[in-house]
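**Q** Enclosed is the structure file structure32.txt (compact mmCIF, C-alpha atoms and all ligand atoms).
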# COMPACT_ATOMS: atom_id res chain seq x y z
CA MET A 1 0.00 0.00 0.00
CA LYS A 2 1.16 3.50 -0.84
CA SER A 3 -0.20 6.72 0.62
CA GLY A 4 0.76 10.33 0.97
CA PHE A 5 0.13 14.02 0.52
CA VAL A 6 0.52 15.40 -2.97
CA ASN A 7 0.15 19.16 -2.93
CA ILE A 8 -0.38 21.51 -5.85
CA PHE A 9 1.47 24.83 -6.08
CA GLY A 10 1.67 27.55 -8.68
CA LYS A 11 0.86 31.10 -9.65
CA PRO A 12 -2.75 32.34 -9.59
CA ASN A 13 -4.78 31.09 -12.55
CA ALA A 14 -2.31 28.32 -13.51
CA GLY A 15 -5.11 25.74 -13.25
CA LYS A 16 -4.51 24.23 -9.79
CA SER A 17 -8.18 23.89 -8.91
CA THR A 18 -9.07 22.56 -12.36
CA LEU A 19 -6.33 19.96 -11.90
CA LEU A 20 -7.58 18.91 -8.45
CA ASN A 21 -11.07 18.41 -9.88
CA ALA A 22 -9.69 16.42 -12.83
CA LEU A 23 -7.65 14.18 -10.52
CA ILE A 24 -10.57 13.49 -8.17
CA GLY A 25 -13.21 13.35 -10.90
CA GLU A 26 -15.54 15.65 -8.94
CA LYS A 27 -15.90 19.39 -8.68
CA LEU A 28 -14.41 20.02 -5.23
CA ALA A 29 -12.63 23.29 -5.89
CA ILE A 30 -14.16 26.35 -7.51
CA VAL A 31 -12.64 27.64 -10.74
CA SER A 32 -12.81 31.00 -12.50
CA PRO A 33 -11.02 32.89 -15.27
CA LYS A 34 -9.96 35.49 -12.69
CA VAL A 35 -6.82 35.27 -10.52
CA GLN A 36 -6.90 34.50 -6.77
CA THR A 37 -10.08 32.48 -6.87
CA THR A 38 -8.95 29.90 -4.30
CA ARG A 39 -8.44 31.15 -0.74
CA HIS A 40 -8.15 27.89 1.20
CA ARG A 41 -6.27 24.65 1.17
CA ILE A 42 -8.71 22.13 -0.28
CA LYS A 43 -8.00 18.47 0.15
CA GLY A 44 -9.26 15.89 -2.32
CA ILE A 45 -8.82 12.22 -1.51
CA LEU A 46 -8.25 9.64 -4.24
CA THR A 47 -8.35 6.03 -3.08
CA GLY A 48 -7.33 3.14 -5.33
CA ASP A 49 -6.89 -0.59 -4.67
CA ASP A 50 -3.35 -0.19 -3.43
CA TYR A 51 -2.94 3.54 -2.82
CA GLN A 52 -4.46 6.62 -1.27
CA ILE A 53 -3.42 10.06 -2.45
CA ILE A 54 -4.47 13.13 -0.51
CA PHE A 55 -4.21 15.96 -3.00
CA SER A 56 -4.28 19.57 -1.86
CA ASP A 57 -5.28 22.52 -3.98
CA THR A 58 -3.79 25.75 -2.64
CA PRO A 59 -4.19 29.48 -3.29
CA GLY A 60 -1.99 30.95 -6.03
CA ILE A 61 1.33 32.21 -4.75
CA ILE A 62 1.37 36.01 -4.37
CA GLU A 63 2.98 38.82 -2.35
CA PRO A 64 0.47 39.40 0.50
CA LYS A 65 -1.16 42.84 0.61
CA TYR A 66 -3.89 42.15 3.17
CA LYS A 67 -4.34 39.90 6.17
CA LEU A 68 -6.57 37.77 3.96
CA HIS A 69 -3.61 37.28 1.59
CA GLU A 70 -1.43 36.34 4.56
CA LYS A 71 -3.94 33.66 5.55
CA MET A 72 -3.94 32.42 1.96
CA MET A 73 -0.15 32.17 1.95
CA GLN A 74 -0.30 30.33 5.30
CA ALA A 75 -2.42 27.73 3.51
CA VAL A 76 0.37 27.43 0.95
CA LYS A 77 2.97 27.14 3.70
CA SER A 78 1.11 24.41 5.58
CA SER A 79 0.86 22.49 2.31
CA LEU A 80 4.60 22.89 1.75
CA ASP A 81 5.26 21.52 5.23
CA ASP A 82 3.41 18.21 4.87
CA ALA A 83 3.86 17.41 1.18
CA ASP A 84 5.34 14.04 0.19
CA VAL A 85 5.29 15.06 -3.46
CA ALA A 86 4.89 18.57 -4.88
CA LEU A 87 3.05 19.32 -8.10
CA LEU A 88 4.40 22.55 -9.55
CA ILE A 89 1.95 23.70 -12.16
CA VAL A 90 2.62 26.31 -14.79
CA ASP A 91 0.34 27.88 -17.39
CA ILE A 92 2.20 27.36 -20.66
CA LYS A 93 1.36 30.96 -21.62
CA ASP A 94 2.96 32.34 -18.46
CA ASP A 95 6.52 33.62 -18.16
CA LEU A 96 8.47 30.39 -17.53
CA GLN A 97 11.40 32.15 -15.90
CA GLU A 98 9.08 33.82 -13.41
CA ALA A 99 7.43 30.48 -12.61
CA ASN A 100 10.87 28.97 -12.17
CA GLU A 101 11.78 31.70 -9.68
CA ILE A 102 8.67 30.98 -7.66
CA PHE A 103 9.30 27.21 -7.71
CA THR A 104 12.92 27.76 -6.64
CA SER A 105 11.85 30.07 -3.81
CA LEU A 106 9.74 27.26 -2.31
CA LYS A 107 12.97 25.49 -1.29
CA LEU A 108 11.31 22.11 -1.65
CA LYS A 109 12.64 19.17 0.30
CA VAL A 110 10.44 16.63 -1.51
CA PRO A 111 10.37 15.40 -5.11
CA ALA A 112 8.53 17.73 -7.45
CA ILE A 113 6.75 17.12 -10.75
CA VAL A 114 6.58 20.15 -12.99
CA ILE A 115 3.21 20.19 -14.74
CA ILE A 116 2.92 22.13 -17.95
CA ASN A 117 -0.77 22.98 -18.16
CA LYS A 118 -3.10 24.34 -20.84
CA ALA A 119 -1.31 22.29 -23.51
CA ASP A 120 -4.52 22.53 -25.52
CA ILE A 121 -3.93 26.16 -26.41
CA VAL A 122 -0.36 26.07 -27.79
CA LYS A 123 1.68 24.32 -30.47
CA ASP A 124 4.01 21.38 -29.71
CA GLU A 125 7.01 23.63 -30.21
CA ALA A 126 6.13 25.75 -27.17
CA ILE A 127 5.52 22.61 -25.11
CA ASN A 128 8.88 21.12 -26.03
CA LYS A 129 10.63 24.36 -25.17
CA ALA A 130 8.95 24.44 -21.75
CA LYS A 131 9.79 20.77 -21.13
CA GLU A 132 13.41 21.38 -21.99
CA PHE A 133 13.50 24.42 -19.70
CA PHE A 134 12.07 22.70 -16.61
CA GLN A 135 13.78 19.32 -17.03
CA HIS A 136 17.08 20.90 -16.06
CA GLN A 137 15.89 22.62 -12.89
CA HIS A 138 17.27 20.98 -9.76
CA TYR A 139 13.88 20.63 -8.01
CA CYS A 140 12.34 18.84 -10.99
CA LYS A 141 12.04 15.03 -10.78
CA ALA A 142 9.77 14.73 -13.80
CA VAL A 143 7.80 16.85 -16.25
CA ALA A 144 4.19 16.16 -17.20
CA VAL A 145 2.27 17.86 -19.98
CA ILE A 146 -1.48 18.13 -19.44
CA SER A 147 -4.67 19.91 -20.20
CA ALA A 148 -6.51 20.01 -16.88
CA LEU A 149 -9.52 21.49 -18.62
CA LYS A 150 -9.75 18.77 -21.27
CA LYS A 151 -8.59 16.08 -18.79
CA LYS A 152 -5.67 15.15 -21.04
CA GLY A 153 -2.52 13.61 -19.59
CA ILE A 154 -4.11 12.96 -16.19
CA ASP A 155 -3.57 9.16 -16.19
CA GLU A 156 0.08 9.56 -17.18
CA LEU A 157 0.50 12.11 -14.41
CA LEU A 158 -1.05 9.71 -11.89
CA LYS A 159 1.50 7.07 -12.87
CA ILE A 160 4.39 9.46 -12.22
CA ILE A 161 2.87 10.43 -8.87
CA LEU A 162 2.38 6.81 -7.79
CA ALA A 163 6.02 6.04 -8.55
CA LEU A 164 7.06 8.82 -6.14
CA LEU A 165 4.48 8.11 -3.43
CA PRO A 166 5.83 6.64 -0.15
CA ASP A 167 4.67 3.31 1.27
CA GLY A 168 2.05 3.65 3.98
CA ALA A 169 -1.44 2.93 5.20
CA PRO A 170 -4.41 5.09 4.14
CA PHE A 171 -5.19 8.18 6.24
CA TYR A 172 -8.91 8.34 5.46
CA GLU A 173 -11.87 5.98 4.98
CA ASP A 174 -11.98 5.00 1.34
CA ASP A 175 -15.32 6.66 0.61
CA ASN A 176 -14.16 10.10 1.76
CA LEU A 177 -13.56 12.67 -0.96
CA SER A 178 -12.52 15.56 1.24
CA ASP A 179 -12.00 16.56 4.86
CA LEU A 180 -14.06 19.72 4.57
CA PRO A 181 -17.70 20.10 5.66
CA THR A 182 -20.57 20.41 3.16
CA LYS A 183 -21.19 23.97 4.37
CA PHE A 184 -17.76 24.95 3.10
CA PHE A 185 -18.45 23.73 -0.42
CA VAL A 186 -21.83 25.47 -0.45
CA GLY A 187 -20.20 28.80 0.46
CA GLU A 188 -17.54 28.27 -2.19
CA LEU A 189 -20.10 27.59 -4.94
CA ILE A 190 -21.79 30.90 -4.10
CA ARG A 191 -18.41 32.65 -4.11
CA GLU A 192 -17.60 31.15 -7.50
CA LYS A 193 -20.68 32.73 -9.02
CA ILE A 194 -19.60 36.10 -7.62
CA PHE A 195 -16.35 35.70 -9.59
CA TYR A 196 -18.32 35.15 -12.80
CA LEU A 197 -21.10 37.72 -12.36
CA TYR A 198 -19.26 40.76 -11.03
CA GLN A 199 -16.24 42.61 -12.30
CA ASP A 200 -13.36 44.67 -10.95
CA GLU A 201 -12.85 44.61 -7.21
CA ILE A 202 -16.18 43.02 -6.21
CA PRO A 203 -15.05 39.35 -6.16
CA TYR A 204 -11.95 40.35 -4.19
CA HIS A 205 -13.91 42.41 -1.65
CA ALA A 206 -16.51 39.69 -1.15
CA THR A 207 -16.79 36.59 0.96
CA VAL A 208 -19.64 34.23 1.75
CA LEU A 209 -20.74 32.91 5.10
CA VAL A 210 -23.30 30.11 5.21
CA GLN A 211 -25.50 30.90 8.22
CA GLU A 212 -28.08 28.18 7.94
CA PHE A 213 -28.03 24.67 6.49
CA LYS A 214 -31.14 22.69 7.35
CA GLU A 215 -32.02 19.35 5.82
CA LYS A 216 -35.79 19.26 5.51
CA HIS A 217 -38.07 16.56 4.20
CA THR A 218 -38.26 17.68 0.61
CA LEU A 219 -35.31 20.06 0.32
CA VAL A 220 -32.29 21.64 1.98
CA LYS A 221 -32.82 25.16 3.29
CA ILE A 222 -29.72 27.31 3.04
CA ALA A 223 -29.21 30.92 4.10
CA ALA A 224 -25.95 32.69 3.37
CA ASP A 225 -24.51 36.17 3.89
CA ILE A 226 -22.52 37.87 1.18
CA ILE A 227 -20.06 40.09 2.98
CA LEU A 228 -18.76 43.18 1.17
CA GLN A 229 -16.32 45.92 2.09
CA ARG A 230 -18.21 49.02 0.99
CA GLU A 231 -21.76 50.33 1.09
CA THR A 232 -21.51 51.32 -2.62
CA GLN A 233 -20.82 47.67 -3.54
CA LYS A 234 -24.17 46.62 -2.11
CA GLY A 235 -26.08 48.29 -4.94
CA ILE A 236 -23.87 46.64 -7.55
CA VAL A 237 -24.29 43.19 -6.05
CA LEU A 238 -28.07 43.62 -5.75
CA GLY A 239 -28.42 45.14 -9.21
CA GLU A 240 -31.40 47.10 -10.54
CA GLY A 241 -34.50 45.89 -8.75
CA GLY A 242 -32.48 43.01 -7.30
CA LYS A 243 -31.85 41.55 -10.75
CA MET A 244 -28.22 40.61 -10.20
CA ILE A 245 -28.57 38.92 -6.83
CA LYS A 246 -31.49 36.97 -8.20
CA GLU A 247 -29.30 35.70 -11.01
CA LEU A 248 -26.53 34.91 -8.51
CA GLY A 249 -28.99 32.97 -6.37
CA THR A 250 -30.32 30.98 -9.33
CA GLN A 251 -26.87 30.02 -10.65
CA ALA A 252 -25.54 29.12 -7.20
CA ARG A 253 -28.63 27.11 -6.32
CA LYS A 254 -28.32 24.99 -9.45
CA ASP A 255 -24.71 24.11 -8.66
CA ILE A 256 -25.47 23.41 -5.00
CA GLU A 257 -28.35 21.15 -6.00
CA GLN A 258 -26.03 19.22 -8.26
CA PHE A 259 -23.40 19.01 -5.52
CA LEU A 260 -25.84 17.82 -2.85
CA GLY A 261 -28.05 15.77 -5.16
CA ARG A 262 -31.05 17.39 -3.48
CA LYS A 263 -33.44 20.26 -4.04
CA VAL A 264 -32.32 23.49 -2.43
CA PHE A 265 -34.02 26.63 -1.18
CA LEU A 266 -31.37 29.33 -1.11
CA GLU A 267 -31.65 32.73 0.56
CA LEU A 268 -28.91 35.35 0.18
CA PHE A 269 -28.34 38.41 2.36
CA VAL A 270 -25.90 41.20 1.54
CA LYS A 271 -23.93 42.75 4.40
CA VAL A 272 -21.20 45.36 4.58
CA ARG A 273 -18.23 44.88 6.90
CA PRO A 274 -15.63 47.58 6.15
CA LYS A 275 -12.05 46.30 5.94
CA TRP A 276 -12.99 42.71 6.81
CA ARG A 277 -9.97 41.51 4.81
CA ASP A 278 -7.66 43.09 7.38
CA ASN A 279 -9.65 42.20 10.48
CA GLU A 280 -8.35 39.16 12.33
CA LEU A 281 -11.63 38.42 14.15
CA GLN A 282 -13.78 38.75 11.06
CA LEU A 283 -11.40 36.64 8.99
CA LYS A 284 -11.69 33.95 11.62
CA GLU A 285 -15.46 34.19 11.67
CA TYR A 286 -15.55 33.85 7.87
CA GLY A 287 -13.43 30.72 7.95
CA TYR A 288 -9.99 32.06 7.06
N1 LIG A 301 -7.46 26.25 -22.05
C1 LIG A 301 -7.29 25.78 -20.82
N2 LIG A 301 -7.74 26.48 -19.76
C2 LIG A 301 -7.54 25.98 -18.53
C3 LIG A 301 -6.87 24.74 -18.31
N3 LIG A 301 -6.82 24.53 -16.97
C4 LIG A 301 -7.43 25.57 -16.40
N4 LIG A 301 -7.88 26.45 -17.32
C5 LIG A 301 -8.61 27.71 -17.10
O1 LIG A 301 -7.78 28.60 -16.40
C6 LIG A 301 -8.57 29.42 -15.52
C7 LIG A 301 -8.02 29.30 -14.09
O2 LIG A 301 -8.24 27.98 -13.62
P1 LIG A 301 -8.22 27.66 -12.06
O3 LIG A 301 -8.26 26.19 -11.93
O4 LIG A 301 -9.25 28.45 -11.34
O5 LIG A 301 -6.76 28.20 -11.69
P2 LIG A 301 -6.07 28.24 -10.22
O6 LIG A 301 -4.63 27.98 -10.43
O7 LIG A 301 -6.80 27.38 -9.28
O8 LIG A 301 -6.28 29.78 -9.86
P3 LIG A 301 -6.27 30.49 -8.38
O9 LIG A 301 -7.21 29.74 -7.51
O10 LIG A 301 -6.74 31.86 -8.68
O11 LIG A 301 -4.85 30.46 -7.92
C8 LIG A 301 -10.00 28.93 -15.65
O12 LIG A 301 -10.66 29.77 -16.57
C9 LIG A 301 -9.84 27.53 -16.20
O13 LIG A 301 -10.94 27.09 -16.97
C10 LIG A 301 -6.41 24.01 -19.46
O14 LIG A 301 -5.85 22.93 -19.39
N5 LIG A 301 -6.64 24.59 -20.68
MG MG A 302 -7.77 27.81 -7.57
Mind converting the file's structure to structure tokens?
Ligand SMILES: Nc1nc2c(ncn2[C@@H]2O[C@H](COP(=O)(O)OP(=O)(O)OP(=O)(O)O)[C@@H](O)[C@H]2O)c(=O)[nH]1
Ligand SMILES: [Mg+2]
**A**
Amino acid sequence: MKSGFVNIFGKPNAGKSTLLNALIGEKLAIVSPKVQTTRHRIKGILTGDDYQIIFSDTPGIIEPKYKLHEKMMQAVKSSLDDADVALLIVDIKDDLQEANEIFTSLKLKVPAIVIINKADIVKDEAINKAKEFFQHQHYCKAVAVISALKKKGIDELLKIILALLPDGAPFYEDDNLSDLPTKFFVGELIREKIFYLYQDEIPYHATVLVQEFKEKHTLVKIAADIILQRETQKGIVLGEGGKMIKELGTQARKDIEQFLGRKVFLELFVKVRPKWRDNELQLKEYGY
């Protein structure tokens, strides 16, 4: 039996969360075209006949500007501390040298696989160049080329991971997919829709707190607060005559219903908490 922690690191938007979902075969982590979507460490457990891999998706590596960012980078640090294998993922369109600097700065003590992602959007020439570049870096045990979005190269990647995974007994029951509570995933699905529906600073100034989660006979009743930083953002999130929040509620509800496999009644409330991203107590309350 083999088991261990395989943690995913990379710049914002590289495709870490898309990769976690592709590896697990379920949507555990939210994904968006915008940077800094993920704010937590999200574990996804993959159990096979003779192995258990605990993958961790992490927030994209950035220079912290707020306490919230610091919490996000603590999630990266904790994942660096317990990794048995590191997956260093790079968007093929990104500056490779810059990615290399970030990977080097991690000072990894465990074997790392460099994953060249988004192979679906470039020519082979660019892929070969990137392979060549990373193969020679001292932290790099192997290079894998994938498209996390199109789920290409995932089986080959799994083989490389299994070869590097230490011997050991499983850490979790084999029907567990994650260690996080359902409430967490519900809040994240709402937050994901905020990333798609609103522009500029709104997704970055917003968080979601699930206040109520009640399993009733015919449906699950969920109430959640959308926390914003400024009074002026409230109007934008609500939209004319409440049009935008209605759309947000509909989109989020559909995803939550799919996630839970049950009918959902979802209520959303918008609240303003100035500077919550720099407030230790509020960050704690909101799960950071
Ligand atoms: N074309 C293409 N797009 C991809 C691929 N993988 C991810 N994406 C897209 O890249 C964007 C970012 O993906 P995420 O998985 O959210 O990236 P992330 O690294 O988790 O980003 P943060 O959480 O912000 O650090 C999304 O629009 C994805 O659909 C891929 O293989 N090919
Ligand atoms: Mg992410």
**Q** What lies within 7 Å of stretch 62-76 of chain A using all atoms listed in the file, ignoring chain neighbours under 5 positions off, as number ranges by chain?
**A** A: 39-41, 277-278, 288
**Q** Could you check which of A:Lys129, A:Glu188, A:Gln52, A:Ala142 is closest to ligand MG 302 (chain A), using all atoms listed in the file?
**A**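 Smallest distance to ligand MG 302 (chain A) is found for A:Glu188.
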**Q** Distance cut-off 8 Å, centre (-10.7, 28.8, -5.9) in file coordinates, counting all atoms listed in the file: which residues qualify? Return them as a JSON list (two decimals) with C-alpha atoms, keeping the file's coordinate frame.
**A**
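And here's selection-v8.json as it stands now:
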[["chain", "number", "residue", "atom", "x", "y", "z"],
["A", 17, "SER", "CA", -8.18, 23.89, -8.91],
["A", 29, "ALA", "CA", -12.63, 23.29, -5.89],
["A", 30, "ILE", "CA", -14.16, 26.35, -7.51],
["A", 31, "VAL", "CA", -12.64, 27.64, -10.74],
["A", 32, "SER", "CA", -12.81, 31.00, -12.50],
["A", 36, "GLN", "CA", -6.90, 34.50, -6.77],
["A", 37, "THR", "CA", -10.08, 32.48, -6.87],
["A", 38, "THR", "CA", -8.95, 29.90, -4.30],
["A", 39, "ARG", "CA", -8.44, 31.15, -0.74],
["A", 40, "HIS", "CA", -8.15, 27.89, 1.20],
["A", 59, "PRO", "CA", -4.19, 29.48, -3.29],
["A", 188, "GLU", "CA", -17.54, 28.27, -2.19],
["A", 192, "GLU", "CA", -17.60, 31.15, -7.50]]
**Q** Using only C-alpha atoms and all ligand atoms, find each residue with an atom at most 8 Å away from ligand LIG 301 (chain A) and format the answer as a PyMOL selection string.
**A** chain A and resi 10-19+29-39+57-61+91+117-121+146-152
**Q** Atom CA of A:Pro170 and atom CA of A:Asp50 are how many Å apart?
**A** 9.3 Å
**Q** Taking into account all atoms listed in the file, which residue in the set A:Asp49, A:Glu201, A:Asp155, A:Glu173 is nearest to A:Gly25?
**A**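 For A:Gly25, the nearest of the given residues is A:Asp155.
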**Q** Can you work out the spacing between atom CA of A:Thr104 and atom CA of A:Ser3 in Å, to one decimal?
**A**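 Value for the atom CA of A:Thr104-atom CA of A:Ser3 distance: 25.8 Å.
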**Q** Closest to ligand MG 302 (chain A) among A:Trp276, A:Tyr172, A:Phe195, A:Phe259, using all atoms listed in the file?
**A**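 Nearest to ligand MG 302 (chain A): A:Phe195.
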**Q** Using the partial input, fill out stretch 224-235 of chain A with N, CA and C atoms; write the result as a short mmCIF file (atom, residue, chain, number, x, y, z; two decimals), keeping the file's coordinate frame.
**A**
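selection.cif written:
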data_model
loop_
_atom_site.label_atom_id
_atom_site.label_comp_id
_atom_site.auth_asym_id
_atom_site.auth_seq_id
_atom_site.Cartn_x
_atom_site.Cartn_y
_atom_site.Cartn_z
N ALA A 224 -27.35 32.27 3.37
CA ALA A 224 -25.95 32.69 3.37
C ALA A 224 -25.83 34.21 3.30
N ASP A 225 -24.81 34.74 3.97
CA ASP A 225 -24.51 36.17 3.89
C ASP A 225 -23.42 36.38 2.86
N ILE A 226 -23.61 37.40 2.05
CA ILE A 226 -22.52 37.87 1.18
C ILE A 226 -21.94 39.10 1.85
N ILE A 227 -20.71 39.00 2.25
CA ILE A 227 -20.06 40.09 2.98
C ILE A 227 -19.26 40.94 2.00
N LEU A 228 -19.49 42.26 2.05
CA LEU A 228 -18.76 43.18 1.17
C LEU A 228 -17.99 44.20 2.01
N GLN A 229 -17.12 44.94 1.36
CA GLN A 229 -16.32 45.92 2.09
C GLN A 229 -16.97 47.30 2.15
N ARG A 230 -17.71 47.65 1.08
CA ARG A 230 -18.21 49.02 0.99
C ARG A 230 -19.71 49.06 0.72
N GLU A 231 -20.33 50.11 1.26
CA GLU A 231 -21.76 50.33 1.09
C GLU A 231 -22.10 50.44 -0.41
N THR A 232 -21.24 51.11 -1.19
CA THR A 232 -21.51 51.32 -2.62
C THR A 232 -21.53 49.98 -3.40
N GLN A 233 -20.87 48.96 -2.85
CA GLN A 233 -20.82 47.67 -3.54
C GLN A 233 -22.14 46.91 -3.40
N LYS A 234 -22.89 47.29 -2.36
CA LYS A 234 -24.17 46.62 -2.11
C LYS A 234 -25.11 46.77 -3.30
N GLY A 235 -25.21 48.00 -3.80
CA GLY A 235 -26.08 48.29 -4.94
C GLY A 235 -25.67 47.50 -6.17
#
